[in-house]
$ cat final02.cif   # mmCIF, N, CA and C atoms
data_work
loop_
_atom_site.label_atom_id
_atom_site.label_comp_id
_atom_site.auth_asym_id
_atom_site.auth_seq_id
_atom_site.Cartn_x
_atom_site.Cartn_y
_atom_site.Cartn_z
N VAL A 1 0.84 -1.18 0.00
CA VAL A 1 0.00 0.00 0.00
C VAL A 1 0.89 1.25 0.00
N GLN A 2 0.46 2.25 -0.78
CA GLN A 2 1.18 3.52 -0.81
C GLN A 2 0.35 4.57 -0.08
N LEU A 3 1.03 5.34 0.75
CA LEU A 3 0.37 6.34 1.57
C LEU A 3 1.07 7.68 1.41
N GLN A 4 0.29 8.73 1.37
CA GLN A 4 0.86 10.08 1.26
C GLN A 4 0.10 11.02 2.18
N ALA A 5 0.81 11.54 3.17
CA ALA A 5 0.20 12.49 4.10
C ALA A 5 0.44 13.91 3.61
N SER A 6 -0.51 14.78 3.91
CA SER A 6 -0.39 16.19 3.54
C SER A 6 -1.20 17.02 4.52
N GLY A 7 -1.00 18.35 4.44
CA GLY A 7 -1.80 19.25 5.25
C GLY A 7 -1.06 19.89 6.41
N GLY A 8 0.19 19.52 6.61
CA GLY A 8 0.95 20.11 7.70
C GLY A 8 1.29 21.56 7.42
N GLY A 9 1.82 22.22 8.45
CA GLY A 9 2.19 23.62 8.29
C GLY A 9 2.50 24.25 9.62
N LEU A 10 2.59 25.57 9.59
CA LEU A 10 2.87 26.35 10.80
C LEU A 10 1.56 26.95 11.31
N VAL A 11 1.30 26.77 12.59
CA VAL A 11 0.07 27.29 13.18
C VAL A 11 0.37 27.78 14.59
N GLN A 12 -0.37 28.76 15.04
CA GLN A 12 -0.19 29.26 16.40
C GLN A 12 -0.88 28.34 17.40
N ALA A 13 -0.40 28.37 18.62
CA ALA A 13 -1.03 27.58 19.68
C ALA A 13 -2.50 27.96 19.78
N GLY A 14 -3.33 26.94 19.94
CA GLY A 14 -4.77 27.14 19.99
C GLY A 14 -5.45 27.01 18.64
N GLY A 15 -4.66 26.97 17.59
CA GLY A 15 -5.21 26.88 16.25
C GLY A 15 -5.54 25.45 15.84
N SER A 16 -5.94 25.30 14.57
CA SER A 16 -6.36 24.01 14.05
C SER A 16 -5.68 23.71 12.72
N LEU A 17 -5.56 22.43 12.44
CA LEU A 17 -5.08 21.95 11.15
C LEU A 17 -5.81 20.65 10.83
N ARG A 18 -5.94 20.37 9.55
CA ARG A 18 -6.51 19.10 9.12
C ARG A 18 -5.52 18.39 8.23
N LEU A 19 -5.07 17.23 8.66
CA LEU A 19 -4.17 16.42 7.87
C LEU A 19 -4.97 15.43 7.02
N SER A 20 -4.45 15.15 5.84
CA SER A 20 -5.07 14.17 4.95
C SER A 20 -4.07 13.08 4.60
N CYS A 21 -4.59 11.90 4.33
CA CYS A 21 -3.76 10.78 3.92
C CYS A 21 -4.44 10.10 2.74
N ALA A 22 -3.74 10.09 1.61
CA ALA A 22 -4.26 9.43 0.42
C ALA A 22 -3.63 8.05 0.30
N ALA A 23 -4.45 7.03 0.07
CA ALA A 23 -3.98 5.65 0.00
C ALA A 23 -4.24 5.05 -1.36
N SER A 24 -3.35 4.13 -1.76
CA SER A 24 -3.54 3.40 -3.01
C SER A 24 -2.82 2.07 -2.92
N GLY A 25 -3.17 1.14 -3.80
CA GLY A 25 -2.43 -0.10 -3.94
C GLY A 25 -2.90 -1.25 -3.09
N ARG A 26 -3.91 -1.07 -2.27
CA ARG A 26 -4.41 -2.15 -1.41
C ARG A 26 -5.86 -1.84 -1.13
N THR A 27 -6.64 -2.85 -0.80
CA THR A 27 -8.04 -2.63 -0.51
C THR A 27 -8.18 -1.78 0.74
N PHE A 28 -8.42 -0.49 0.54
CA PHE A 28 -8.43 0.45 1.66
C PHE A 28 -9.59 0.16 2.60
N SER A 29 -10.67 -0.34 2.05
CA SER A 29 -11.86 -0.55 2.87
C SER A 29 -11.67 -1.62 3.94
N THR A 30 -10.66 -2.46 3.83
CA THR A 30 -10.41 -3.48 4.84
C THR A 30 -9.13 -3.20 5.64
N THR A 31 -8.60 -2.00 5.48
CA THR A 31 -7.33 -1.65 6.12
C THR A 31 -7.54 -0.85 7.40
N ASN A 32 -6.97 -1.34 8.48
CA ASN A 32 -6.94 -0.59 9.73
C ASN A 32 -5.83 0.46 9.65
N MET A 33 -6.14 1.66 10.05
CA MET A 33 -5.21 2.78 9.82
C MET A 33 -4.91 3.53 11.11
N ALA A 34 -3.84 4.33 11.06
CA ALA A 34 -3.47 5.12 12.23
C ALA A 34 -2.69 6.35 11.81
N TRP A 35 -2.66 7.31 12.68
CA TRP A 35 -1.75 8.46 12.58
C TRP A 35 -0.69 8.30 13.66
N LEU A 36 0.53 8.51 13.26
CA LEU A 36 1.67 8.47 14.16
C LEU A 36 2.37 9.82 14.07
N ARG A 37 3.19 10.13 15.07
CA ARG A 37 3.97 11.35 14.98
C ARG A 37 5.32 11.13 15.66
N GLN A 38 6.27 11.93 15.23
CA GLN A 38 7.60 11.87 15.83
C GLN A 38 8.12 13.28 16.01
N ALA A 39 8.30 13.65 17.27
CA ALA A 39 8.84 14.96 17.60
C ALA A 39 10.37 14.87 17.65
N PRO A 40 11.04 16.00 17.49
CA PRO A 40 12.50 15.99 17.52
C PRO A 40 13.02 15.38 18.81
N GLY A 41 13.93 14.41 18.67
CA GLY A 41 14.54 13.79 19.83
C GLY A 41 13.67 12.82 20.58
N ARG A 42 12.51 12.51 20.03
CA ARG A 42 11.60 11.60 20.73
C ARG A 42 11.25 10.40 19.84
N GLU A 43 10.77 9.34 20.47
CA GLU A 43 10.36 8.16 19.72
C GLU A 43 9.04 8.42 19.00
N ARG A 44 8.83 7.62 17.96
CA ARG A 44 7.58 7.72 17.23
C ARG A 44 6.42 7.27 18.12
N GLU A 45 5.31 8.00 18.03
CA GLU A 45 4.18 7.80 18.92
C GLU A 45 2.91 7.55 18.11
N LEU A 46 2.14 6.55 18.49
CA LEU A 46 0.84 6.32 17.86
C LEU A 46 -0.17 7.20 18.57
N ILE A 47 -0.83 8.09 17.86
CA ILE A 47 -1.73 9.03 18.51
C ILE A 47 -3.19 8.77 18.21
N ALA A 48 -3.51 8.12 17.11
CA ALA A 48 -4.91 7.85 16.79
C ALA A 48 -5.01 6.66 15.85
N ALA A 49 -6.00 5.82 16.07
CA ALA A 49 -6.20 4.65 15.23
C ALA A 49 -7.67 4.52 14.90
N VAL A 50 -7.95 3.98 13.72
CA VAL A 50 -9.34 3.78 13.28
C VAL A 50 -9.45 2.41 12.63
N THR A 51 -10.59 1.77 12.86
CA THR A 51 -10.80 0.45 12.29
C THR A 51 -11.09 0.53 10.80
N TRP A 52 -11.03 -0.60 10.15
CA TRP A 52 -11.15 -0.66 8.69
C TRP A 52 -12.44 -0.02 8.20
N GLY A 53 -13.53 -0.18 8.95
CA GLY A 53 -14.80 0.39 8.53
C GLY A 53 -15.01 1.82 8.99
N GLY A 54 -14.12 2.30 9.84
CA GLY A 54 -14.21 3.67 10.33
C GLY A 54 -15.05 3.86 11.57
N ALA A 55 -15.60 2.78 12.08
CA ALA A 55 -16.55 2.91 13.19
C ALA A 55 -15.88 3.10 14.55
N MET A 56 -14.76 2.44 14.76
CA MET A 56 -14.12 2.47 16.08
C MET A 56 -12.84 3.28 16.00
N LYS A 57 -12.67 4.17 16.98
CA LYS A 57 -11.53 5.07 16.99
C LYS A 57 -10.89 5.07 18.37
N HIS A 58 -9.60 5.20 18.39
CA HIS A 58 -8.86 5.20 19.65
C HIS A 58 -7.82 6.31 19.60
N TYR A 59 -7.56 6.91 20.78
CA TYR A 59 -6.65 8.05 20.83
C TYR A 59 -5.67 7.89 21.99
N ALA A 60 -4.48 8.42 21.77
CA ALA A 60 -3.53 8.53 22.88
C ALA A 60 -4.04 9.62 23.83
N ASP A 61 -3.70 9.50 25.09
CA ASP A 61 -4.14 10.49 26.07
C ASP A 61 -3.68 11.89 25.72
N SER A 62 -2.54 11.98 25.07
CA SER A 62 -1.96 13.29 24.75
C SER A 62 -2.81 14.09 23.76
N VAL A 63 -3.68 13.41 23.01
CA VAL A 63 -4.48 14.13 21.99
C VAL A 63 -5.97 13.94 22.18
N LYS A 64 -6.37 13.13 23.14
CA LYS A 64 -7.79 12.82 23.34
C LYS A 64 -8.56 14.09 23.63
N GLY A 65 -9.69 14.24 22.95
CA GLY A 65 -10.52 15.43 23.13
C GLY A 65 -10.14 16.59 22.24
N ARG A 66 -8.98 16.52 21.59
CA ARG A 66 -8.53 17.61 20.71
C ARG A 66 -8.43 17.17 19.25
N PHE A 67 -8.08 15.92 19.04
CA PHE A 67 -7.88 15.39 17.68
C PHE A 67 -8.99 14.41 17.34
N THR A 68 -9.35 14.38 16.04
CA THR A 68 -10.36 13.43 15.57
C THR A 68 -9.87 12.76 14.31
N ILE A 69 -9.86 11.43 14.33
CA ILE A 69 -9.47 10.65 13.17
C ILE A 69 -10.72 10.20 12.42
N SER A 70 -10.63 10.18 11.10
CA SER A 70 -11.75 9.71 10.30
C SER A 70 -11.24 9.03 9.04
N LYS A 71 -12.09 8.20 8.45
CA LYS A 71 -11.69 7.39 7.29
C LYS A 71 -12.84 7.36 6.30
N GLU A 72 -12.54 7.68 5.05
CA GLU A 72 -13.55 7.65 3.99
C GLU A 72 -13.13 6.60 2.97
N ASN A 73 -13.73 5.43 3.09
CA ASN A 73 -13.31 4.32 2.23
C ASN A 73 -13.61 4.56 0.75
N LEU A 74 -14.70 5.23 0.45
CA LEU A 74 -15.05 5.45 -0.96
C LEU A 74 -14.05 6.37 -1.65
N LYS A 75 -13.35 7.18 -0.87
CA LYS A 75 -12.36 8.11 -1.44
C LYS A 75 -10.93 7.65 -1.20
N ASN A 76 -10.75 6.52 -0.52
CA ASN A 76 -9.41 6.05 -0.14
C ASN A 76 -8.64 7.12 0.62
N MET A 77 -9.31 7.76 1.56
CA MET A 77 -8.72 8.86 2.30
C MET A 77 -8.91 8.67 3.81
N MET A 78 -7.93 9.19 4.55
CA MET A 78 -8.03 9.26 6.00
C MET A 78 -7.66 10.67 6.41
N TYR A 79 -8.22 11.12 7.52
CA TYR A 79 -8.00 12.50 7.96
C TYR A 79 -7.67 12.54 9.45
N LEU A 80 -7.04 13.64 9.84
CA LEU A 80 -6.83 13.92 11.26
C LEU A 80 -7.14 15.40 11.47
N GLN A 81 -8.25 15.66 12.12
CA GLN A 81 -8.61 17.03 12.49
C GLN A 81 -7.96 17.34 13.82
N MET A 82 -7.13 18.36 13.85
CA MET A 82 -6.40 18.73 15.05
C MET A 82 -6.83 20.10 15.52
N ASN A 83 -7.41 20.15 16.69
CA ASN A 83 -7.87 21.41 17.28
C ASN A 83 -7.10 21.70 18.56
N SER A 84 -7.18 22.94 19.00
CA SER A 84 -6.51 23.35 20.25
C SER A 84 -5.06 22.89 20.27
N LEU A 85 -4.37 23.17 19.20
CA LEU A 85 -2.98 22.71 19.08
C LEU A 85 -2.08 23.37 20.11
N LYS A 86 -1.10 22.59 20.54
CA LYS A 86 -0.14 23.04 21.54
C LYS A 86 1.27 22.95 20.96
N PRO A 87 2.20 23.71 21.49
CA PRO A 87 3.58 23.61 21.00
C PRO A 87 4.13 22.19 21.07
N GLU A 88 3.71 21.43 22.06
CA GLU A 88 4.19 20.05 22.18
C GLU A 88 3.61 19.11 21.13
N ASP A 89 2.68 19.60 20.31
CA ASP A 89 2.19 18.82 19.18
C ASP A 89 3.11 18.93 17.97
N THR A 90 4.12 19.78 18.05
CA THR A 90 5.06 19.93 16.96
C THR A 90 5.76 18.62 16.68
N ALA A 91 5.66 18.14 15.44
CA ALA A 91 6.21 16.83 15.07
C ALA A 91 6.01 16.61 13.58
N VAL A 92 6.65 15.57 13.08
CA VAL A 92 6.33 15.06 11.76
C VAL A 92 5.23 14.02 11.94
N TYR A 93 4.15 14.17 11.21
CA TYR A 93 3.00 13.29 11.31
C TYR A 93 2.97 12.33 10.12
N TYR A 94 2.72 11.06 10.43
CA TYR A 94 2.70 10.00 9.42
C TYR A 94 1.36 9.28 9.45
N CYS A 95 0.87 8.91 8.29
CA CYS A 95 -0.23 7.96 8.26
C CYS A 95 0.34 6.57 8.01
N ALA A 96 -0.32 5.59 8.58
CA ALA A 96 0.21 4.23 8.53
C ALA A 96 -0.92 3.22 8.42
N ALA A 97 -0.61 2.10 7.77
CA ALA A 97 -1.58 1.02 7.60
C ALA A 97 -1.13 -0.21 8.40
N HIS A 98 -2.10 -0.82 9.06
CA HIS A 98 -1.81 -2.00 9.86
C HIS A 98 -1.52 -3.19 8.95
N SER A 99 -0.68 -4.10 9.46
CA SER A 99 -0.29 -5.26 8.67
C SER A 99 -1.42 -6.27 8.51
N ILE A 100 -2.41 -6.22 9.43
CA ILE A 100 -3.51 -7.19 9.41
C ILE A 100 -4.79 -6.49 9.00
N PRO A 101 -5.47 -6.97 7.97
CA PRO A 101 -6.71 -6.33 7.54
C PRO A 101 -7.90 -6.76 8.40
N SER A 102 -8.99 -6.02 8.20
CA SER A 102 -10.28 -6.33 8.81
C SER A 102 -10.17 -6.42 10.33
N LYS A 103 -10.86 -7.38 10.94
CA LYS A 103 -11.04 -7.37 12.39
C LYS A 103 -9.75 -7.70 13.14
N ILE A 104 -9.39 -6.79 14.08
CA ILE A 104 -8.25 -7.01 14.95
C ILE A 104 -8.62 -6.54 16.34
N THR A 105 -7.83 -6.92 17.32
CA THR A 105 -8.13 -6.53 18.69
C THR A 105 -7.68 -5.09 18.94
N ILE A 106 -8.16 -4.52 20.03
CA ILE A 106 -7.74 -3.17 20.40
C ILE A 106 -6.24 -3.16 20.67
N ALA A 107 -5.74 -4.18 21.30
CA ALA A 107 -4.30 -4.25 21.58
C ALA A 107 -3.49 -4.24 20.29
N GLN A 108 -3.97 -4.96 19.31
CA GLN A 108 -3.28 -4.95 18.01
C GLN A 108 -3.41 -3.57 17.37
N ARG A 109 -4.57 -2.97 17.50
CA ARG A 109 -4.82 -1.68 16.86
C ARG A 109 -3.92 -0.60 17.44
N MET A 110 -3.57 -0.70 18.70
CA MET A 110 -2.76 0.33 19.34
C MET A 110 -1.28 -0.05 19.44
N ASN A 111 -0.91 -1.11 18.75
CA ASN A 111 0.49 -1.57 18.75
C ASN A 111 1.21 -0.97 17.56
N ILE A 112 2.06 0.00 17.83
CA ILE A 112 2.72 0.74 16.75
C ILE A 112 3.58 -0.17 15.88
N THR A 113 4.11 -1.24 16.44
CA THR A 113 5.00 -2.12 15.67
C THR A 113 4.25 -2.91 14.59
N GLN A 114 2.94 -2.97 14.68
CA GLN A 114 2.16 -3.73 13.71
C GLN A 114 1.70 -2.88 12.54
N TYR A 115 2.09 -1.62 12.53
CA TYR A 115 1.82 -0.75 11.38
C TYR A 115 3.06 -0.79 10.49
N THR A 116 2.98 -1.56 9.45
CA THR A 116 4.17 -1.85 8.65
C THR A 116 4.22 -1.08 7.34
N TYR A 117 3.18 -0.32 7.05
CA TYR A 117 3.16 0.49 5.84
C TYR A 117 3.08 1.95 6.24
N TRP A 118 4.05 2.72 5.77
CA TRP A 118 4.16 4.12 6.17
C TRP A 118 4.20 5.01 4.93
N GLY A 119 3.66 6.19 5.10
CA GLY A 119 3.83 7.19 4.06
C GLY A 119 4.88 8.20 4.47
N GLN A 120 5.20 9.09 3.56
CA GLN A 120 6.06 10.20 3.91
C GLN A 120 5.31 11.11 4.86
N GLY A 121 6.00 11.65 5.81
CA GLY A 121 5.34 12.47 6.81
C GLY A 121 5.08 13.88 6.36
N THR A 122 4.30 14.57 7.17
CA THR A 122 4.05 15.98 6.95
C THR A 122 4.34 16.71 8.25
N LEU A 123 5.06 17.83 8.16
CA LEU A 123 5.53 18.53 9.34
C LEU A 123 4.47 19.48 9.87
N VAL A 124 4.21 19.38 11.16
CA VAL A 124 3.32 20.31 11.86
C VAL A 124 4.15 21.06 12.89
N THR A 125 4.12 22.38 12.81
CA THR A 125 4.86 23.22 13.75
C THR A 125 3.87 24.14 14.45
N VAL A 126 3.84 24.06 15.77
CA VAL A 126 2.92 24.89 16.55
C VAL A 126 3.75 25.89 17.34
N SER A 127 3.53 27.16 17.07
CA SER A 127 4.29 28.21 17.75
C SER A 127 3.53 28.69 18.98
N SER A 128 4.28 29.10 19.98
CA SER A 128 3.66 29.55 21.23
C SER A 128 3.34 31.03 21.19
#
$ encode --input "final02.cif" --output "structure tokens"
Amino acid sequence: VQLQASGGGLVQAGGSLRLSCAASGRTFSTTNMAWLRQAPGRERELIAAVTWGGAMKHYADSVKGRFTISKENLKNMMYLQMNSLKPEDTAVYYCAAHSIPSKITIAQRMNITQYTYWGQGTLVTVSS
């Protein structure tokens, strides 16, 4: 599967951004997806995951209540709406596809090591 993230940029604290992820090359409708991010000097972090059908969503505590993940299977697209951005949200954001299609457990869904398909990231910079 090929993934391409876009929509990053520079925004002031408290502002919003919407990231997009375009997918191709695999049946997107059965693919479990996630957004990951990596801040300078820090490990890559899984921040939001969505099931193949788009019905179930999970968030890291660091973004819960501020970020919303969504998936549009008919368009082969995934999104991350980011509100109330903070300087600590500054990172390169990646969209990723899980190695196992269709039904998986929550533990599998939140296991960053099981996302084996990555796109090029998009940089989000939040100024204070």
$ resolve_selection --input "final02.cif" --expression "the PyMOL selection byres (((chain A and resi 79 and name CA) around 6) and name CA)" --output "PDB file with N, CA and C atoms, keeping the file's coordinate frame"
ATOM      1  N   LEU A  19      -5.070  17.230   8.660  1.00  0.00           N
ATOM      2  CA  LEU A  19      -4.170  16.420   7.870  1.00  0.00           C
ATOM      3  C   LEU A  19      -4.970  15.430   7.020  1.00  0.00           C
ATOM      4  N   SER A  20      -4.450  15.150   5.840  1.00  0.00           N
ATOM      5  CA  SER A  20      -5.070  14.170   4.950  1.00  0.00           C
ATOM      6  C   SER A  20      -4.070  13.080   4.600  1.00  0.00           C
ATOM      7  N   ILE A  69      -9.860  11.430  14.330  1.00  0.00           N
ATOM      8  CA  ILE A  69      -9.470  10.650  13.170  1.00  0.00           C
ATOM      9  C   ILE A  69     -10.720  10.200  12.420  1.00  0.00           C
ATOM     10  N   SER A  70     -10.630  10.180  11.100  1.00  0.00           N
ATOM     11  CA  SER A  70     -11.750   9.710  10.300  1.00  0.00           C
ATOM     12  C   SER A  70     -11.240   9.030   9.040  1.00  0.00           C
ATOM     13  N   MET A  78      -7.930   9.190   4.550  1.00  0.00           N
ATOM     14  CA  MET A  78      -8.030   9.260   6.000  1.00  0.00           C
ATOM     15  C   MET A  78      -7.660  10.670   6.410  1.00  0.00           C
ATOM     16  N   LEU A  80      -7.040  13.640   9.840  1.00  0.00           N
ATOM     17  CA  LEU A  80      -6.830  13.920  11.260  1.00  0.00           C
ATOM     18  C   LEU A  80      -7.140  15.400  11.470  1.00  0.00           C
TER      19      LEU A  80
END
$ residues_around --input "final02.cif" --residues "stretch 47-62 of chain A" --least-positions-apart "5" --cutoff "8 Å" --atoms "all atoms listed in the file" --output "PyMOL selection string"
chain A and resi 28-37+67-73+101-104+109-110
$ select_by_dssp --input "final02.cif" --residues "chain A" --states "strand (DSSP E)" --output "PyMOL selection string"
chain A and resi 2-6+9-12+17-24+33-38+45-50+57-59+67-72+77-82+91-98+115-118+122-127
$ residues_around --input "final02.cif" --residues "A:Ile112" --least-positions-apart "3" --cutoff "9 Å" --atoms "only C-alpha atoms" --output "PyMOL selection string"
chain A and resi 34+36+44-46+98+108-109+115-116
$ resolve_selection --input "final02.cif" --expression "the PyMOL selection byres (((chain A and resi 12-15 and name CA) around 8) and name CA)" --output "list in words"
Leu10, Val11, Ser16, Leu17, Asn83, Ser84, Leu85, Lys86, Pro87, Val126, Ser127 and Ser128 of chain A
$ closest_residue --input "final02.cif" --among "A:Val1, A:Ala96, A:Ala23, A:Val124" --to "A:Asn111" --atoms "only C-alpha atoms"
A:Ala96
$ atom_distance --input "final02.cif" --atom1 "atom N of A:Leu123" --atom2 "atom N of A:Thr90"
10.1 Å
$ atom_distance --input "final02.cif" --atom1 "atom CA of A:Leu3" --atom2 "atom CA of A:Gln120"
7.3 Å
